[in-house]
$ cat target_15.csv   # CSV, N, CA, C and O atoms
chain,number,residue,atom,x,y,z
A,596,MET,N,147.0,40.6,139.0
A,596,MET,CA,146.7,42.0,139.1
A,596,MET,C,147.6,42.7,140.2
A,596,MET,O,147.9,43.9,140.0
A,597,GLU,N,148.0,42.1,141.2
A,597,GLU,CA,148.8,42.7,142.2
A,597,GLU,C,150.2,43.1,141.6
A,597,GLU,O,150.7,44.1,142.0
A,598,ILE,N,150.7,42.3,140.8
A,598,ILE,CA,152.0,42.6,140.2
A,598,ILE,C,152.0,43.9,139.4
A,598,ILE,O,152.9,44.7,139.5
A,599,LYS,N,150.9,44.1,138.6
A,599,LYS,CA,150.7,45.3,137.8
A,599,LYS,C,150.6,46.5,138.7
A,599,LYS,O,151.2,47.5,138.4
A,600,GLU,N,149.9,46.4,139.8
A,600,GLU,CA,149.7,47.5,140.7
A,600,GLU,C,151.1,47.8,141.4
A,600,GLU,O,151.4,49.0,141.6
A,601,ILE,N,151.8,46.8,141.7
A,601,ILE,CA,153.1,47.1,142.4
A,601,ILE,C,154.1,47.8,141.4
A,601,ILE,O,154.8,48.7,141.8
A,602,ILE,N,154.1,47.3,140.1
A,602,ILE,CA,154.9,47.9,139.1
A,602,ILE,C,154.5,49.4,138.9
A,602,ILE,O,155.3,50.3,138.8
A,603,LYS,N,153.2,49.6,138.9
A,603,LYS,CA,152.7,51.0,138.7
A,603,LYS,C,153.1,51.9,139.8
A,603,LYS,O,153.5,53.0,139.6
A,604,THR,N,153.0,51.4,141.1
A,604,THR,CA,153.4,52.3,142.2
A,604,THR,C,155.0,52.5,142.2
A,604,THR,O,155.4,53.5,142.6
A,605,LEU,N,155.7,51.5,141.7
A,605,LEU,CA,157.2,51.7,141.7
A,605,LEU,C,157.6,52.7,140.6
A,605,LEU,O,158.6,53.4,140.7
A,606,ARG,N,156.8,52.8,139.5
A,606,ARG,CA,157.1,53.8,138.5
A,606,ARG,C,156.8,55.2,138.9
A,606,ARG,O,157.4,56.1,138.4
A,607,THR,N,155.8,55.4,139.8
A,607,THR,CA,155.5,56.7,140.1
A,607,THR,C,156.6,57.3,141.0
A,607,THR,O,157.3,56.7,141.7
A,608,LYS,N,156.8,58.6,140.8
A,608,LYS,CA,157.8,59.3,141.5
A,608,LYS,C,157.4,59.6,142.9
A,608,LYS,O,156.3,60.2,143.1
A,609,MET,N,158.2,59.3,143.9
A,609,MET,CA,157.9,59.6,145.3
A,609,MET,C,158.2,61.1,145.5
A,609,MET,O,159.3,61.6,145.2
A,610,ASP,N,157.3,61.8,146.1
A,610,ASP,CA,157.5,63.2,146.3
A,610,ASP,C,157.6,63.4,147.8
A,610,ASP,O,156.7,63.2,148.6
A,611,PHE,N,158.8,63.9,148.3
A,611,PHE,CA,159.0,64.1,149.7
A,611,PHE,C,158.9,65.5,150.1
A,611,PHE,O,159.1,65.8,151.3
A,612,GLN,N,158.7,66.4,149.2
A,612,GLN,CA,158.6,67.8,149.6
A,612,GLN,C,157.1,68.2,149.9
A,612,GLN,O,156.2,67.7,149.2
A,613,SER,N,156.9,69.0,150.8
A,613,SER,CA,155.6,69.5,151.1
A,613,SER,C,155.1,70.5,150.2
A,613,SER,O,155.9,71.2,149.5
A,614,ARG,N,153.8,70.8,150.1
A,614,ARG,CA,153.3,71.8,149.2
A,614,ARG,C,153.8,73.2,149.6
A,614,ARG,O,154.1,74.0,148.8
A,615,LYS,N,154.0,73.4,150.9
A,615,LYS,CA,154.4,74.7,151.4
A,615,LYS,C,155.9,74.9,150.9
A,615,LYS,O,156.2,76.0,150.5
A,616,SER,N,156.7,74.0,151.0
A,616,SER,CA,158.1,74.2,150.6
A,616,SER,C,158.2,74.3,149.1
A,616,SER,O,159.0,75.1,148.6
A,617,LYS,N,157.4,73.6,148.3
A,617,LYS,CA,157.3,73.8,146.9
A,617,LYS,C,156.9,75.2,146.5
A,617,LYS,O,157.4,75.9,145.6
A,618,HIS,N,155.9,75.7,147.3
A,618,HIS,CA,155.4,77.0,147.0
A,618,HIS,C,156.4,78.1,147.3
A,618,HIS,O,156.5,79.1,146.6
A,619,LYS,N,157.1,77.9,148.4
A,619,LYS,CA,158.2,78.8,148.8
A,619,LYS,C,159.2,78.9,147.7
A,619,LYS,O,159.6,80.0,147.3
A,620,SER,N,159.7,77.8,147.2
A,620,SER,CA,160.7,77.8,146.1
A,620,SER,C,160.1,78.4,144.9
A,620,SER,O,160.9,79.1,144.1
A,621,TYR,N,158.9,78.1,144.6
A,621,TYR,CA,158.3,78.7,143.4
A,621,TYR,C,158.2,80.3,143.5
A,621,TYR,O,158.6,81.0,142.5
A,622,ILE,N,157.8,80.8,144.6
A,622,ILE,CA,157.7,82.2,144.8
A,622,ILE,C,159.1,82.8,144.7
A,622,ILE,O,159.3,83.9,144.1
A,623,PHE,N,160.1,82.2,145.4
A,623,PHE,CA,161.5,82.7,145.3
A,623,PHE,C,162.0,82.7,143.9
A,623,PHE,O,162.6,83.7,143.5
A,624,ASN,N,161.7,81.7,143.1
A,624,ASN,CA,162.1,81.7,141.7
A,624,ASN,C,161.5,82.8,140.9
A,624,ASN,O,162.1,83.4,140.0
A,625,GLN,N,160.2,83.0,141.2
A,625,GLN,CA,159.5,84.1,140.5
A,625,GLN,C,160.1,85.5,140.8
A,625,GLN,O,160.2,86.3,139.9
A,626,ILE,N,160.4,85.7,142.1
A,626,ILE,CA,161.1,87.0,142.5
A,626,ILE,C,162.4,87.1,141.8
A,626,ILE,O,162.7,88.2,141.2
A,627,TYR,N,163.2,86.1,141.7
A,627,TYR,CA,164.5,86.1,141.1
A,627,TYR,C,164.3,86.4,139.6
A,627,TYR,O,165.0,87.2,139.0
A,628,TYR,N,163.3,85.7,138.9
A,628,TYR,CA,163.1,86.0,137.5
A,628,TYR,C,162.6,87.4,137.2
A,628,TYR,O,163.1,88.0,136.3
A,629,LEU,N,161.8,87.9,138.1
A,629,LEU,CA,161.3,89.3,137.9
A,629,LEU,C,162.5,90.3,138.1
A,629,LEU,O,162.6,91.3,137.3
A,630,ARG,N,163.4,90.0,139.0
A,630,ARG,CA,164.5,90.9,139.2
A,630,ARG,C,165.4,90.9,137.9
A,630,ARG,O,166.0,91.9,137.5
A,631,GLN,N,165.6,89.7,137.4
A,631,GLN,CA,166.4,89.6,136.1
A,631,GLN,C,165.7,90.4,135.0
A,631,GLN,O,166.4,91.1,134.2
A,632,GLU,N,164.4,90.3,134.9
A,632,GLU,CA,163.7,91.0,133.9
A,632,GLU,C,163.9,92.5,134.0
A,632,GLU,O,164.0,93.3,133.1
A,633,ILE,N,163.8,93.0,135.3
A,633,ILE,CA,163.9,94.4,135.6
A,633,ILE,C,165.3,94.9,135.1
A,633,ILE,O,165.5,95.9,134.5
A,634,VAL,N,166.4,94.1,135.5
A,634,VAL,CA,167.7,94.5,135.1
A,634,VAL,C,167.8,94.6,133.6
A,634,VAL,O,168.4,95.5,133.0
A,635,TYR,N,167.3,93.6,132.9
A,635,TYR,CA,167.3,93.6,131.5
A,635,TYR,C,166.6,94.8,130.9
A,635,TYR,O,167.1,95.4,129.9
A,636,LEU,N,165.4,95.1,131.4
A,636,LEU,CA,164.7,96.2,130.9
A,636,LEU,C,165.4,97.6,131.1
A,636,LEU,O,165.4,98.4,130.2
A,637,VAL,N,166.1,97.7,132.2
A,637,VAL,CA,166.8,98.9,132.5
A,637,VAL,C,168.0,99.0,131.6
A,637,VAL,O,168.2,100.1,131.0
A,638,LEU,N,168.7,98.0,131.4
A,638,LEU,CA,169.9,98.0,130.5
A,638,LEU,C,169.5,98.3,129.1
A,638,LEU,O,170.1,99.1,128.4
A,639,LYS,N,168.4,97.6,128.7
A,639,LYS,CA,167.9,97.8,127.3
A,639,LYS,C,167.4,99.3,127.1
A,639,LYS,O,167.6,99.9,126.1
A,640,GLY,N,166.6,99.8,128.1
A,640,GLY,CA,166.1,101.1,128.1
A,640,GLY,C,167.2,102.2,128.1
A,640,GLY,O,167.1,103.2,127.4
A,641,HIS,N,168.3,101.9,128.8
A,641,HIS,CA,169.4,102.8,128.8
A,641,HIS,C,170.1,102.9,127.5
A,641,HIS,O,170.5,103.9,127.0
A,642,LYS,N,170.2,101.7,126.8
A,642,LYS,CA,170.8,101.7,125.5
A,642,LYS,C,170.0,102.4,124.5
A,642,LYS,O,170.5,103.1,123.6
A,643,GLU,N,168.7,102.3,124.6
A,643,GLU,CA,167.8,103.0,123.6
A,643,GLU,C,167.3,104.3,124.0
A,643,GLU,O,166.5,105.0,123.3
A,644,ASN,N,167.7,104.8,125.2
A,644,ASN,CA,167.2,106.0,125.8
A,644,ASN,C,165.7,106.1,126.0
A,644,ASN,O,165.1,107.1,125.7
A,645,ASP,N,165.1,105.0,126.3
A,645,ASP,CA,163.7,104.9,126.6
A,645,ASP,C,163.4,103.8,127.6
A,645,ASP,O,163.4,102.6,127.3
A,646,LEU,N,163.1,104.2,128.8
A,646,LEU,CA,162.8,103.3,129.9
A,646,LEU,C,161.3,103.0,129.9
A,646,LEU,O,160.5,103.9,130.0
A,647,PRO,N,160.9,101.7,129.9
A,647,PRO,CA,159.4,101.4,130.0
A,647,PRO,C,159.0,101.5,131.5
A,647,PRO,O,158.9,100.5,132.2
A,648,LEU,N,158.7,102.7,132.0
A,648,LEU,CA,158.4,102.9,133.4
A,648,LEU,C,157.2,102.1,133.9
A,648,LEU,O,157.2,101.6,135.0
A,649,ASN,N,156.1,102.0,133.1
A,649,ASN,CA,154.9,101.3,133.5
A,649,ASN,C,155.3,99.8,133.8
A,649,ASN,O,154.8,99.2,134.8
A,650,GLU,N,156.0,99.2,132.9
A,650,GLU,CA,156.4,97.8,133.0
A,650,GLU,C,157.3,97.6,134.2
A,650,GLU,O,157.1,96.6,135.0
A,651,LEU,N,158.2,98.5,134.4
A,651,LEU,CA,159.1,98.4,135.5
A,651,LEU,C,158.4,98.5,136.9
A,651,LEU,O,158.6,97.8,137.8
A,652,ARG,N,157.4,99.5,136.9
A,652,ARG,CA,156.6,99.7,138.1
A,652,ARG,C,155.8,98.4,138.4
A,652,ARG,O,155.7,98.0,139.6
A,653,ARG,N,155.2,97.8,137.4
A,653,ARG,CA,154.4,96.6,137.6
A,653,ARG,C,155.2,95.5,138.1
A,653,ARG,O,154.8,94.8,139.0
A,654,LYS,N,156.4,95.3,137.5
A,654,LYS,CA,157.3,94.2,138.0
A,654,LYS,C,157.7,94.5,139.4
A,654,LYS,O,157.8,93.5,140.2
A,655,ALA,N,158.0,95.7,139.8
A,655,ALA,CA,158.5,96.0,141.1
A,655,ALA,C,157.3,95.8,142.1
A,655,ALA,O,157.6,95.3,143.2
A,656,MET,N,156.1,96.1,141.7
A,656,MET,CA,154.9,95.8,142.6
A,656,MET,C,154.7,94.3,142.8
A,656,MET,O,154.4,93.9,143.9
A,657,LEU,N,155.0,93.5,141.7
A,657,LEU,CA,154.9,92.1,141.9
A,657,LEU,C,155.9,91.5,142.8
A,657,LEU,O,155.6,90.6,143.6
A,658,ILE,N,157.1,92.1,142.7
A,658,ILE,CA,158.2,91.6,143.6
A,658,ILE,C,157.8,91.9,145.1
A,658,ILE,O,158.0,91.1,146.0
A,659,GLN,N,157.2,93.1,145.3
A,659,GLN,CA,156.8,93.4,146.7
A,659,GLN,C,155.7,92.4,147.2
A,659,GLN,O,155.7,91.9,148.3
A,660,LYS,N,154.7,92.2,146.3
A,660,LYS,CA,153.6,91.3,146.6
A,660,LYS,C,154.2,89.9,146.9
A,660,LYS,O,153.8,89.3,147.9
A,661,TYR,N,155.0,89.3,146.1
A,661,TYR,CA,155.6,88.0,146.3
A,661,TYR,C,156.5,87.9,147.5
A,661,TYR,O,156.5,86.9,148.2
A,662,SER,N,157.2,89.0,147.8
A,662,SER,CA,158.0,89.1,149.0
A,662,SER,C,157.2,89.0,150.2
A,662,SER,O,157.6,88.3,151.2
A,663,ARG,N,156.0,89.7,150.2
A,663,ARG,CA,155.1,89.6,151.4
A,663,ARG,C,154.6,88.2,151.6
A,663,ARG,O,154.6,87.7,152.7
A,664,ARG,N,154.2,87.6,150.5
A,664,ARG,CA,153.7,86.2,150.6
A,664,ARG,C,154.8,85.2,151.1
A,664,ARG,O,154.5,84.4,151.9
A,665,LEU,N,156.0,85.4,150.6
A,665,LEU,CA,157.1,84.6,151.1
A,665,LEU,C,157.4,84.8,152.5
A,665,LEU,O,157.7,83.8,153.3
A,666,LYS,N,157.3,86.0,153.0
A,666,LYS,CA,157.5,86.3,154.4
A,666,LYS,C,156.5,85.7,155.3
A,666,LYS,O,156.8,85.1,156.3
A,667,ILE,N,155.2,85.7,154.8
A,667,ILE,CA,154.1,85.0,155.5
A,667,ILE,C,154.4,83.5,155.6
A,667,ILE,O,154.2,82.9,156.6
A,668,LEU,N,154.8,82.9,154.5
A,668,LEU,CA,155.0,81.5,154.4
A,668,LEU,C,156.2,81.1,155.3
A,668,LEU,O,156.2,80.0,155.9
A,669,HIS,N,157.2,82.0,155.4
A,669,HIS,CA,158.4,81.7,156.2
A,669,HIS,C,158.1,81.7,157.7
A,669,HIS,O,158.7,81.0,158.5
A,670,ALA,N,157.1,82.5,158.1
A,670,ALA,CA,156.8,82.6,159.5
A,670,ALA,C,156.1,81.4,160.1
A,670,ALA,O,155.7,80.5,159.6

$ encode --input "target_15.csv" --output "structure tokens"
Amino acid sequence: MEIKEIIKTLRTKMDFQSRKSKHKSYIFNQIYYLRQEIVYLVLKGHKENDLPLNELRRKAMLIQKYSRRLKILHA
């Protein structure tokens, strides 16, 4: 039985990152993704002469919210 347990532990992936650092990178990626979406919506809206203001406002508010959380985690 010991050999099976050793093999099982060797198969598992060792995780050396803390939850805090994972969360920081996740929030940063979310902010980056939201900014890309905003740019896409603005360019698409400019092409069609119709900007989705409510969606842009919601995404901008999410960026502010995530930026505040990232600032708190960084401190």

$ select_by_dssp --input "target_15.csv" --residues "chain A" --states "helix (DSSP H, G or I)" --output "count of residues only"
62

$ closest_residue --input "target_15.csv" --among "A:Arg664, A:Gln659, A:Asp610, A:Arg652" --to "Val637 in chain A" --atoms "only C-alpha atoms"
A:Arg652

$ atom_distance --input "target_15.csv" --atom1 "atom N of Leu636 in chain A" --atom2 "CA of Lys617 in chain A"
27.6 Å

$ closest_residue --input "target_15.csv" --among "A:Ala670, A:Tyr627, A:Ile633, A:Lys615" --to "Leu651 in chain A" --atoms "only N, CA, C and O atoms"
A:Ile633

$ closest_residue --input "target_15.csv" --among "A:Lys603, A:Asn624, A:Gln612, A:Leu629" --to "Lys654 in chain A" --atoms "only N, CA, C and O atoms"
A:Leu629

$ atom_distance --input "target_15.csv" --atom1 "atom C of Tyr628 in chain A" --atom2 "atom N of Arg614 in chain A"
22.8 Å

$ closest_residue --input "target_15.csv" --among "A:Asn649, A:Ile602, A:His641, A:Tyr661" --to "Gln625 in chain A" --atoms "only N, CA, C and O atoms"
A:Tyr661

$ closest_residue --input "target_15.csv" --among "A:Ser613, A:Arg653, A:Pro647, A:Arg606" --to "Tyr635 in chain A" --atoms "only C-alpha atoms"
A:Pro647

$ atom_distance --input "target_15.csv" --atom1 "CA of His618 in chain A" --atom2 "atom O of Met656 in chain A"
17.2 Å

$ build_atoms --input "target_15.csv" --residues "range 650-661 of chain A" --atoms "all heavy atoms" --output "PDB file, in the coordinates of the input"
ATOM      1  N   GLU A 650     156.000  99.200 132.900  1.00  0.00           N
ATOM      2  CA  GLU A 650     156.400  97.800 133.000  1.00  0.00           C
ATOM      3  C   GLU A 650     157.300  97.600 134.200  1.00  0.00           C
ATOM      4  O   GLU A 650     157.100  96.600 135.000  1.00  0.00           O
ATOM      5  CB  GLU A 650     157.024  97.316 131.719  1.00  0.00           C
ATOM      6  CG  GLU A 650     157.107  95.824 131.617  1.00  0.00           C
ATOM      7  CD  GLU A 650     157.573  95.359 130.247  1.00  0.00           C
ATOM      8  OE1 GLU A 650     157.644  96.183 129.317  1.00  0.00           O
ATOM      9  OE2 GLU A 650     157.868  94.175 130.149  1.00  0.00           O
ATOM     10  N   LEU A 651     158.200  98.500 134.400  1.00  0.00           N
ATOM     11  CA  LEU A 651     159.100  98.400 135.500  1.00  0.00           C
ATOM     12  C   LEU A 651     158.400  98.500 136.900  1.00  0.00           C
ATOM     13  O   LEU A 651     158.600  97.800 137.800  1.00  0.00           O
ATOM     14  CB  LEU A 651     160.235  99.459 135.454  1.00  0.00           C
ATOM     15  CG  LEU A 651     161.281  99.261 134.365  1.00  0.00           C
ATOM     16  CD1 LEU A 651     162.165 100.488 134.278  1.00  0.00           C
ATOM     17  CD2 LEU A 651     162.099  98.027 134.640  1.00  0.00           C
ATOM     18  N   ARG A 652     157.400  99.500 136.900  1.00  0.00           N
ATOM     19  CA  ARG A 652     156.600  99.700 138.100  1.00  0.00           C
ATOM     20  C   ARG A 652     155.800  98.400 138.400  1.00  0.00           C
ATOM     21  O   ARG A 652     155.700  98.000 139.600  1.00  0.00           O
ATOM     22  CB  ARG A 652     155.734 100.903 137.893  1.00  0.00           C
ATOM     23  CG  ARG A 652     155.056 101.354 139.164  1.00  0.00           C
ATOM     24  CD  ARG A 652     154.294 102.652 138.964  1.00  0.00           C
ATOM     25  NE  ARG A 652     155.225 103.732 138.677  1.00  0.00           N
ATOM     26  CZ  ARG A 652     155.132 104.535 137.611  1.00  0.00           C
ATOM     27  NH1 ARG A 652     154.163 104.385 136.744  1.00  0.00           N
ATOM     28  NH2 ARG A 652     156.013 105.503 137.423  1.00  0.00           N
ATOM     29  N   ARG A 653     155.200  97.800 137.400  1.00  0.00           N
ATOM     30  CA  ARG A 653     154.400  96.600 137.600  1.00  0.00           C
ATOM     31  C   ARG A 653     155.200  95.500 138.100  1.00  0.00           C
ATOM     32  O   ARG A 653     154.800  94.800 139.000  1.00  0.00           O
ATOM     33  CB  ARG A 653     153.727  96.253 136.239  1.00  0.00           C
ATOM     34  CG  ARG A 653     152.795  95.065 136.340  1.00  0.00           C
ATOM     35  CD  ARG A 653     152.127  94.759 135.016  1.00  0.00           C
ATOM     36  NE  ARG A 653     153.059  94.496 133.948  1.00  0.00           N
ATOM     37  CZ  ARG A 653     153.650  93.311 133.736  1.00  0.00           C
ATOM     38  NH1 ARG A 653     153.393  92.307 134.525  1.00  0.00           N
ATOM     39  NH2 ARG A 653     154.487  93.143 132.728  1.00  0.00           N
ATOM     40  N   LYS A 654     156.400  95.300 137.500  1.00  0.00           N
ATOM     41  CA  LYS A 654     157.300  94.200 138.000  1.00  0.00           C
ATOM     42  C   LYS A 654     157.700  94.500 139.400  1.00  0.00           C
ATOM     43  O   LYS A 654     157.800  93.500 140.200  1.00  0.00           O
ATOM     44  CB  LYS A 654     158.413  94.021 137.046  1.00  0.00           C
ATOM     45  CG  LYS A 654     157.980  93.459 135.699  1.00  0.00           C
ATOM     46  CD  LYS A 654     159.141  93.245 134.778  1.00  0.00           C
ATOM     47  CE  LYS A 654     158.692  92.896 133.393  1.00  0.00           C
ATOM     48  NZ  LYS A 654     158.151  91.581 133.244  1.00  0.00           N
ATOM     49  N   ALA A 655     158.000  95.700 139.800  1.00  0.00           N
ATOM     50  CA  ALA A 655     158.500  96.000 141.100  1.00  0.00           C
ATOM     51  C   ALA A 655     157.300  95.800 142.100  1.00  0.00           C
ATOM     52  O   ALA A 655     157.600  95.300 143.200  1.00  0.00           O
ATOM     53  CB  ALA A 655     158.928  97.466 141.212  1.00  0.00           C
ATOM     54  N   MET A 656     156.100  96.100 141.700  1.00  0.00           N
ATOM     55  CA  MET A 656     154.900  95.800 142.600  1.00  0.00           C
ATOM     56  C   MET A 656     154.700  94.300 142.800  1.00  0.00           C
ATOM     57  O   MET A 656     154.400  93.900 143.900  1.00  0.00           O
ATOM     58  CB  MET A 656     153.686  96.487 142.043  1.00  0.00           C
ATOM     59  CG  MET A 656     153.706  97.999 142.213  1.00  0.00           C
ATOM     60  SD  MET A 656     152.361  98.877 141.390  1.00  0.00           S
ATOM     61  CE  MET A 656     150.924  98.015 141.942  1.00  0.00           C
ATOM     62  N   LEU A 657     155.000  93.500 141.700  1.00  0.00           N
ATOM     63  CA  LEU A 657     154.900  92.100 141.900  1.00  0.00           C
ATOM     64  C   LEU A 657     155.900  91.500 142.800  1.00  0.00           C
ATOM     65  O   LEU A 657     155.600  90.600 143.600  1.00  0.00           O
ATOM     66  CB  LEU A 657     154.972  91.421 140.488  1.00  0.00           C
ATOM     67  CG  LEU A 657     153.739  91.456 139.612  1.00  0.00           C
ATOM     68  CD1 LEU A 657     154.064  90.913 138.228  1.00  0.00           C
ATOM     69  CD2 LEU A 657     152.618  90.665 140.235  1.00  0.00           C
ATOM     70  N   ILE A 658     157.100  92.100 142.700  1.00  0.00           N
ATOM     71  CA  ILE A 658     158.200  91.600 143.600  1.00  0.00           C
ATOM     72  C   ILE A 658     157.800  91.900 145.100  1.00  0.00           C
ATOM     73  O   ILE A 658     158.000  91.100 146.000  1.00  0.00           O
ATOM     74  CB  ILE A 658     159.525  92.304 143.295  1.00  0.00           C
ATOM     75  CG1 ILE A 658     160.079  91.706 142.012  1.00  0.00           C
ATOM     76  CG2 ILE A 658     160.530  92.134 144.429  1.00  0.00           C
ATOM     77  CD1 ILE A 658     161.345  92.352 141.531  1.00  0.00           C
ATOM     78  N   GLN A 659     157.200  93.100 145.300  1.00  0.00           N
ATOM     79  CA  GLN A 659     156.800  93.400 146.700  1.00  0.00           C
ATOM     80  C   GLN A 659     155.700  92.400 147.200  1.00  0.00           C
ATOM     81  O   GLN A 659     155.700  91.900 148.300  1.00  0.00           O
ATOM     82  CB  GLN A 659     156.212  94.832 146.760  1.00  0.00           C
ATOM     83  CG  GLN A 659     157.263  95.898 146.764  1.00  0.00           C
ATOM     84  CD  GLN A 659     156.654  97.282 146.881  1.00  0.00           C
ATOM     85  OE1 GLN A 659     155.502  97.495 146.498  1.00  0.00           O
ATOM     86  NE2 GLN A 659     157.422  98.212 147.391  1.00  0.00           N
ATOM     87  N   LYS A 660     154.700  92.200 146.300  1.00  0.00           N
ATOM     88  CA  LYS A 660     153.600  91.300 146.600  1.00  0.00           C
ATOM     89  C   LYS A 660     154.200  89.900 146.900  1.00  0.00           C
ATOM     90  O   LYS A 660     153.800  89.300 147.900  1.00  0.00           O
ATOM     91  CB  LYS A 660     152.661  91.209 145.416  1.00  0.00           C
ATOM     92  CG  LYS A 660     151.506  90.264 145.564  1.00  0.00           C
ATOM     93  CD  LYS A 660     150.673  90.304 144.280  1.00  0.00           C
ATOM     94  CE  LYS A 660     149.610  89.249 144.264  1.00  0.00           C
ATOM     95  NZ  LYS A 660     148.827  89.274 143.027  1.00  0.00           N
ATOM     96  N   TYR A 661     155.000  89.300 146.100  1.00  0.00           N
ATOM     97  CA  TYR A 661     155.600  88.000 146.300  1.00  0.00           C
ATOM     98  C   TYR A 661     156.500  87.900 147.500  1.00  0.00           C
ATOM     99  O   TYR A 661     156.500  86.900 148.200  1.00  0.00           O
ATOM    100  CB  TYR A 661     156.349  87.528 145.047  1.00  0.00           C
ATOM    101  CG  TYR A 661     155.504  87.293 143.818  1.00  0.00           C
ATOM    102  CD1 TYR A 661     156.073  87.295 142.555  1.00  0.00           C
ATOM    103  CD2 TYR A 661     154.138  87.073 143.895  1.00  0.00           C
ATOM    104  CE1 TYR A 661     155.309  87.069 141.416  1.00  0.00           C
ATOM    105  CE2 TYR A 661     153.367  86.852 142.774  1.00  0.00           C
ATOM    106  CZ  TYR A 661     153.961  86.854 141.537  1.00  0.00           C
ATOM    107  OH  TYR A 661     153.217  86.636 140.428  1.00  0.00           O
TER     108      TYR A 661
END
